[in-house]
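All remarks here apply to the structure that follows.
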Amino acid sequence: MNATTGFPADFLWGAATSAYQVEGSPLADGAGASIWHEFSHTPGRTRDGDTGDVACDHYQRYREDIALMRELGLNAYRFSVGWGRVLPEGRGRVNPAGLDFYRRLVDAVLERGIQPMVTLYHWDLPASLDRLGGWLNPDSADWFADYARVLFRALGDRVTLWVTLNEPWVVVDGGYLHGSLAPGQRNPFAAPVAAHNLLRAHGRAVQAYRAESRHRIGLVVNLEPKYPASETAEDLDATMRADAYWNRFYLDPVFLGGYPPELPEIFGAAWPTFPEADFGLIKQPLDFLGINYYSRQVVRHDPAAWPLAAARVRQPQQTHTGLDWEVYPPGLTDILEWVAGRYGPLPLYVTENGSAFYDPPRTEGEIADPLRRAYLRDHLRAVLEARRKGVDVRGYFAWSLLDNFEWAHGYSQRFGLVHVDYATQRRTPKASARFYAQVIRGGGAALGAD
Ligand code: IFM
């Protein structure tokens, strides 16, 4: 433990990416198309019709990107595997070339002394599985476990940190309830079924891991603390519904063995009765939990806000990012403490945290991004504060290493510590990246310096 900063010597200082957002070459070397490939190629689905066809070309340039990580002093890299690269039809036949890409990536990361954290599912379901119903098909749990097993067997000796799913909330809310993300369904009856199958898939994959592997596996959720806009019963109830839907929907079944009681009220007739036996499968002991934190929400009752009857109250006095997300660092401390209190104790990682801001043009070799730098500094301080309060936070992964494809927003939002010139693929570390490197070098000491 560094006595002056409170960060232990083995703290993971990382950055994160995901396959479809950075790799490009989505169909290269025999890969099968994903739902994101199809969605982004459907007119009107993404801003300016942007796709992940090229993205950051990480598929070809991963060595250069790993060298950059090294230069910044990162000791961990969180990335995801494209399911369709490994299993082009999503199940059955393995594509050796696709698997080999991830072998090379893991080897290259390890050669540079960087620890990989591998996410198995970051939203890019193979399109052929979507044609079979995707996450609405109860067999999806077995498809996922079979895919996971291929990865565990190929990389399990070298990868010691595995994540089953990234942000199941977003998969369901964007993909099946509101339709703004792939596969673009807008169906309240589909959403709970997709959620439940994702959780069953998570459980099956953890079981597969325990059967043959011996390192650590966890889940990554996006959490957003909810604060009532007033003390009225209506606003307090609305806040509880928002909290149930955002924060407890996936964690209660995984750690406590059942869904929050507010969900049947929120979904009404669309909420099914799930077999009791499924909860035994879903509630597998985990080695850690990953938390993605970006913002908070102040909530008021609003009958017109479907389906929660709860709406955000914008806080005009606060800074907001390019996506209009309120910058609220204390929320990270709050949510880490809340998780540890409700579900812990268990090791936690901040597996994503970051901000999209407009970056001014490069001047004198540097890209000044003071708002992103301040966001990073203040959220790292919030992590430190949680650690001081006794929460077992073992690492922090900035979102994102690189500017990348921000889903339906295309390339319009830049989250990277490193700027990517999409015309030339030139990488330029921003001032926030240099600051992060300084923080890492001093084991956190730079956080107290300004
Ligand atoms: O870019 C996404 C990422 O894929 C998942 N978490 C949130 C990020 C920013 O929106």
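Identifiers in this document derive from the order of the structure tokens: chains are assigned A, B, ..., residues are numbered from 1 separately in each chain, and ligands are numbered from 1 in order of occurrence.
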Each residue of chain A lying at most 9 Å from ligand 1 should get a row with its shortest atom-to-atom pair and the distance in Å to one decimal, counting only C-alpha atoms and all ligand atoms; could you produce that, ordered by chain and increasing number, as JSON lines?
```
{"residue": "A:Ala16", "atom": "CA", "partner": "ligand 1", "partner_atom_place_in_ligand_line": "3 (C)", "distance": 8.9}
{"residue": "A:Thr17", "atom": "CA", "partner": "ligand 1", "partner_atom_place_in_ligand_line": "4 (O)", "distance": 7.4}
{"residue": "A:Ser18", "atom": "CA", "partner": "ligand 1", "partner_atom_place_in_ligand_line": "4 (O)", "distance": 6.4}
{"residue": "A:Tyr20", "atom": "CA", "partner": "ligand 1", "partner_atom_place_in_ligand_line": "4 (O)", "distance": 8.8}
{"residue": "A:Gln21", "atom": "CA", "partner": "ligand 1", "partner_atom_place_in_ligand_line": "4 (O)", "distance": 7.2}
{"residue": "A:His122", "atom": "CA", "partner": "ligand 1", "partner_atom_place_in_ligand_line": "4 (O)", "distance": 7.0}
{"residue": "A:Trp123", "atom": "CA", "partner": "ligand 1", "partner_atom_place_in_ligand_line": "4 (O)", "distance": 8.1}
{"residue": "A:Asn166", "atom": "CA", "partner": "ligand 1", "partner_atom_place_in_ligand_line": "5 (C)", "distance": 7.3}
{"residue": "A:Glu167", "atom": "CA", "partner": "ligand 1", "partner_atom_place_in_ligand_line": "5 (C)", "distance": 7.0}
{"residue": "A:Val170", "atom": "CA", "partner": "ligand 1", "partner_atom_place_in_ligand_line": "5 (C)", "distance": 8.1}
{"residue": "A:Asn222", "atom": "CA", "partner": "ligand 1", "partner_atom_place_in_ligand_line": "6 (N)", "distance": 7.2}
{"residue": "A:Asn292", "atom": "CA", "partner": "ligand 1", "partner_atom_place_in_ligand_line": "6 (N)", "distance": 6.7}
{"residue": "A:Tyr293", "atom": "CA", "partner": "ligand 1", "partner_atom_place_in_ligand_line": "7 (C)", "distance": 8.3}
{"residue": "A:Tyr294", "atom": "CA", "partner": "ligand 1", "partner_atom_place_in_ligand_line": "7 (C)", "distance": 7.7}
{"residue": "A:Leu323", "atom": "CA", "partner": "ligand 1", "partner_atom_place_in_ligand_line": "10 (O)", "distance": 8.5}
{"residue": "A:Glu352", "atom": "CA", "partner": "ligand 1", "partner_atom_place_in_ligand_line": "6 (N)", "distance": 6.7}
{"residue": "A:Asn353", "atom": "CA", "partner": "ligand 1", "partner_atom_place_in_ligand_line": "7 (C)", "distance": 8.0}
{"residue": "A:Gly354", "atom": "CA", "partner": "ligand 1", "partner_atom_place_in_ligand_line": "9 (C)", "distance": 7.6}
{"residue": "A:Ser355", "atom": "CA", "partner": "ligand 1", "partner_atom_place_in_ligand_line": "9 (C)", "distance": 7.8}
{"residue": "A:Ala356", "atom": "CA", "partner": "ligand 1", "partner_atom_place_in_ligand_line": "9 (C)", "distance": 8.1}
{"residue": "A:Trp399", "atom": "CA", "partner": "ligand 1", "partner_atom_place_in_ligand_line": "8 (C)", "distance": 6.9}
{"residue": "A:Ser400", "atom": "CA", "partner": "ligand 1", "partner_atom_place_in_ligand_line": "1 (O)", "distance": 7.8}
{"residue": "A:Asn404", "atom": "CA", "partner": "ligand 1", "partner_atom_place_in_ligand_line": "1 (O)", "distance": 7.9}
{"residue": "A:Phe405", "atom": "CA", "partner": "ligand 1", "partner_atom_place_in_ligand_line": "1 (O)", "distance": 7.4}
{"residue": "A:Glu406", "atom": "CA", "partner": "ligand 1", "partner_atom_place_in_ligand_line": "1 (O)", "distance": 5.1}
{"residue": "A:Trp407", "atom": "CA", "partner": "ligand 1", "partner_atom_place_in_ligand_line": "1 (O)", "distance": 6.9}
{"residue": "A:Gln413", "atom": "CA", "partner": "ligand 1", "partner_atom_place_in_ligand_line": "10 (O)", "distance": 8.9}
{"residue": "A:Phe415", "atom": "CA", "partner": "ligand 1", "partner_atom_place_in_ligand_line": "9 (C)", "distance": 7.3}
```
Name all residues at most 7 Å from Asp378 (chain A) (count only C-alpha atoms; drop same-chain ones fewer than 4 positions away) and give them as a count of residues only. 3
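Contact shell of Tyr328 (chain A) at 8 Å (only C-alpha atoms; same-chain neighbours under 4 positions omitted): Ser295, Arg296, Gln318 and Leu332 of chain A.
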Output as a compact mmCIF listing (two decimals) with N, CA and C atoms, in the first residue's frame all residues of region 124-276 of chain A that backbone DSSP marks as strand (DSSP E or B).
```txt
# COMPACT_ATOMS: atom_id res chain seq x y z
N PRO A 126 -23.68 -12.76 -32.61
CA PRO A 126 -23.65 -13.19 -34.01
C PRO A 126 -25.04 -13.08 -34.64
N LEU A 161 -8.47 -12.92 -15.58
CA LEU A 161 -9.66 -12.13 -15.22
C LEU A 161 -10.64 -12.19 -16.39
N TRP A 162 -11.79 -12.80 -16.13
CA TRP A 162 -12.80 -12.96 -17.18
C TRP A 162 -14.08 -12.25 -16.77
N VAL A 163 -14.73 -11.68 -17.76
CA VAL A 163 -16.05 -11.07 -17.53
C VAL A 163 -17.04 -11.77 -18.45
N THR A 164 -18.17 -12.17 -17.91
CA THR A 164 -19.19 -12.82 -18.76
C THR A 164 -19.84 -11.77 -19.67
N LEU A 165 -20.63 -10.87 -19.06
CA LEU A 165 -21.42 -9.92 -19.84
C LEU A 165 -21.01 -8.50 -19.49
N ASN A 166 -21.03 -7.63 -20.48
CA ASN A 166 -20.89 -6.20 -20.20
C ASN A 166 -22.26 -5.54 -20.26
N ARG A 216 -10.17 -16.12 -12.14
CA ARG A 216 -11.29 -15.33 -11.60
C ARG A 216 -12.26 -14.90 -12.70
N ILE A 217 -13.53 -14.97 -12.33
CA ILE A 217 -14.58 -14.60 -13.29
C ILE A 217 -15.61 -13.73 -12.58
N GLY A 218 -16.13 -12.74 -13.31
CA GLY A 218 -17.13 -11.84 -12.73
C GLY A 218 -18.08 -11.32 -13.80
N LEU A 219 -18.86 -10.35 -13.39
CA LEU A 219 -19.88 -9.73 -14.25
C LEU A 219 -19.61 -8.22 -14.24
N VAL A 220 -19.97 -7.55 -15.33
CA VAL A 220 -19.85 -6.08 -15.35
C VAL A 220 -21.23 -5.47 -15.55
N VAL A 221 -21.59 -4.57 -14.64
CA VAL A 221 -22.87 -3.86 -14.76
C VAL A 221 -22.62 -2.36 -14.79
N ASN A 222 -23.53 -1.66 -15.46
CA ASN A 222 -23.50 -0.19 -15.42
C ASN A 222 -24.45 0.25 -14.32
N LEU A 223 -23.98 1.08 -13.43
CA LEU A 223 -24.81 1.52 -12.31
C LEU A 223 -24.88 3.04 -12.31
N LYS A 226 -29.44 6.85 -7.87
CA LYS A 226 -30.65 7.65 -8.07
C LYS A 226 -30.92 8.43 -6.80
N TYR A 227 -31.16 9.72 -6.95
CA TYR A 227 -31.43 10.59 -5.80
C TYR A 227 -32.79 11.24 -6.03
N PRO A 228 -33.65 11.25 -5.02
CA PRO A 228 -34.99 11.83 -5.23
C PRO A 228 -34.92 13.35 -5.40
```
May I ask which of the residues A:Pro316, A:Gly395, A:Pro253, A:Pro360 is the closest one to His202 (chain A), counting only C-alpha atoms? A:Pro253
Between A:Ile114, A:Val313, A:Ala55, A:Ile367, which one has atoms that come closest to Leu12 (chain A), using only C-alpha atoms? A:Ile114
Which residues, written as a PDB file with C-alpha atoms, in the first residue's frame, have at least one atom at most 9 Å from Ala141 (chain A), with only C-alpha atoms counted and residues fewer than 6 positions away on the same chain left out?
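Heads up, here's the output in part.pdb:
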```pdb
ATOM      1  CA  TRP A 135     -31.466 -13.515 -26.346  1.00  0.00           C
ATOM      2  CA  ASN A 197     -31.827 -15.322 -20.639  1.00  0.00           C
ATOM      3  CA  LEU A 198     -28.787 -13.074 -20.360  1.00  0.00           C
ATOM      4  CA  LEU A 199     -28.648 -13.861 -16.655  1.00  0.00           C
ATOM      5  CA  ARG A 200     -29.081 -17.578 -17.330  1.00  0.00           C
ATOM      6  CA  ALA A 201     -26.275 -17.324 -19.894  1.00  0.00           C
ATOM      7  CA  HIS A 202     -24.077 -15.616 -17.322  1.00  0.00           C
ATOM      8  CA  GLY A 203     -24.788 -18.419 -14.837  1.00  0.00           C
ATOM      9  CA  ARG A 204     -24.045 -21.160 -17.375  1.00  0.00           C
ATOM     10  CA  ALA A 205     -20.770 -19.531 -18.380  1.00  0.00           C
TER      11      ALA A 205
END
```
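Among A:Phe189, A:Tyr349, A:Tyr250, A:Phe152, the residue with the shortest atom-to-atom distance to Tyr209 (chain A), counting only C-alpha atoms, is A:Phe152.
For the residues A:Phe288, A:Phe274, A:Trp36, A:Phe279, ranking by smallest atom-to-atom distance to His215 (chain A) using only C-alpha atoms places A:Phe288 first.
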